[in-house]
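These notes are about the structure you will find just below.
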Amino acid sequence: KRRKRRRRRGGAKFLERETKMGTIQRFLAIPLLSQSHSFLAPPIKPLHSSLHLSPSNLKLRSISCASPTVSTTMAGIKVHGVPMSTATMRVLAALYEKGLDFELIPVDMKAGAHKQEPFLSLNPFGQIPALEDGDLKLFESRAITEYIAEEYSEKGEKLVCPGCKKVKATTKVWLQVEGQQFDPIASKIAFERVFKGMFGMTTDPAAVEELEGKLVKVLDIYEARLAKSDYLACDCFTLADLHHLPAIHYLMGTDSKKLFESRTKVHEWVKKITARPAWAKVVDLQKKQ
């Protein structure tokens with residue numbers, strides 16, 4: 001009987017752990033690192049205090065995904081997501097850059113609202129964020145920001161280089177670089193250094209070291225590129241820069257900030273893009289949650 005009770009307790013703990021891991025994975029929209037990594041080493045300091053993040057304010061409230069709790073005003077544009085999510089932050093930054101009114105509708109991911117209707121009617125893949133603009137429904141954060149930049153081109157910051165076809169082509173290249181080269185690594189470091197601590201998990205120093213080794217190679221290329229232009233695509237701020245902000249925001253609150261600060265041009269670029277008023281509004285909204 002004792003063995004049976006122990007097995008039942010062990011099974012319950014395993015299920016609870018797997019459920020938590022799945023929730024974190026869906027929240028961050030990144031693949032979790034292999035569970036074969038050792039978690040015996042002491043955790044790395046998870047987050048700089050200036051970000052005002054803690055396990056208490058990370059908890060996703062039990063609110064229907066159809067019930068708004070944050071609203072800049074009752075507007076035609078609706079964003080379904082949570083401001084702690086890097087993908088949601090990316091969309092919010094674009095909206096603030098354009099000076100657009102929007103309604104932020106929280107999605108209770110802890111309760112699995114993103115895997116149920118009505119959210120699945122917005123994104124059948126069950127991932128945040130999703131955007132509604134009138135009768136238009138979009139998902140995938142980078143596609144949403146490109147829509148915002150094009151549809152509201154006459155408002156706020158341009159977010160695209162108003163140059164020739166060659167300049168536009170270069171912008172597309174650096175949009176792809178962010179999505180394919182930078183973010184997959186940076187998001188995993190943020191998961192290790194920031195989100196694991198928030199969810200009561202232990203950072204894996206070996207994984208962090210390996211990932212940082214990959215990120216420095218990317219940042220060396222950025223350093224060379226930024227020696228030729230003020231921003232990644234050209235001499236003006238574009239979506240290619242904006243898309244980096246969420247991951248950089250988290251990493252600059254950890255020891256990984258040294259990777260950016262040790263490269264002069266990259267550090268100058270980080271300071272410029274993180275100091276933008278629109279980004280300050282995203283961070284402020286996040287603190288209020």
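Lettering and numbering for the structure tokens are positional, with chains as A, B, ... in the shown order, residues counted from 1 in each chain, and ligands counted from 1 in the shown order.
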Exercise. Enumerate as number ranges by chain all residues of range 42-231 of chain A assigned to strand (DSSP E) by DSSP on the backbone, naming them with the chain letters and numbers the document uses.
Key: A: 70-71, 77-81, 103-106, 130-133, 136-139
Self-check item: Near-Lys281 in chain A list (9 Å; only C-alpha atoms; drop same-chain fewer than 6 positions) as a list in words
Solution: Leu92, Ala93 and Tyr96 of chain A
Restricting it to N, CA and C atoms, dump the selection as a short mmCIF file (atom, residue, chain, number, x, y, z; two decimals), in the first residue's frame.
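Once written, again-v3.cif looks like this:
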data_model
loop_
_atom_site.label_atom_id
_atom_site.label_comp_id
_atom_site.auth_asym_id
_atom_site.auth_seq_id
_atom_site.Cartn_x
_atom_site.Cartn_y
_atom_site.Cartn_z
N LEU A 92 2.81 45.16 -29.31
CA LEU A 92 2.50 46.38 -28.56
C LEU A 92 3.46 47.50 -28.93
N ALA A 93 4.73 47.18 -29.13
CA ALA A 93 5.72 48.19 -29.50
C ALA A 93 5.36 48.84 -30.83
N TYR A 96 2.35 51.20 -30.35
CA TYR A 96 2.74 52.45 -29.68
C TYR A 96 3.58 53.33 -30.60
#
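Counting from CA of Ile273 in chain A, the distance to CA of Leu245 in chain A is 7.4 Å.
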Self-check item: Counting only C-alpha atoms, the residue of A:Val194, A:Ile77, A:Val218, A:Ala169 that sits nearest Leu138 in chain A
Solution: A:Ile77
Practice problem: Find, counting only C-alpha atoms, the residue in A:Pro277, A:Pro83, A:Gly156, A:Gly213 that gets nearest to Ile128 in chain A. | Solution: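 Nearest candidate to Ile128 in chain A out of A:Pro277, A:Pro83, A:Gly156, A:Gly213: A:Pro83.
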Practice problem: Determine the nearest neighbour of Phe139 in chain A from the options A:Val177, A:Leu95, A:Ala190, A:Ala87, counting only C-alpha atoms. | Solution: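 Closest candidate: A:Ala87.
Proximity to Asp255 in chain A was assessed for A:Val208, A:Lys288, A:Val160, A:Met198 counting only C-alpha atoms; the smallest distance is recorded for A:Val208.
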Exercise. Write down as a ChimeraX atom specification the residues belonging to range 91-257 of chain A that are assigned helix (DSSP H, G or I) by DSSP computed on the backbone.
Key: /A:91-98,113-115,119-121,141-151,165-198,205-226,239-242,245-251,257
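Among the candidates A:Leu159, A:Glu97, A:Lys214, A:Leu259, the one nearest to Arg276 in chain A when counting only C-alpha atoms is A:Glu97.
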Quiz prompt | Nearest to Val79 in chain A by atom-to-atom distance, counting only C-alpha atoms, from A:Phe102, A:Phe182, A:Tyr231, A:Phe237 | solution =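 Under the stated criterion, the closest residue is A:Phe102.
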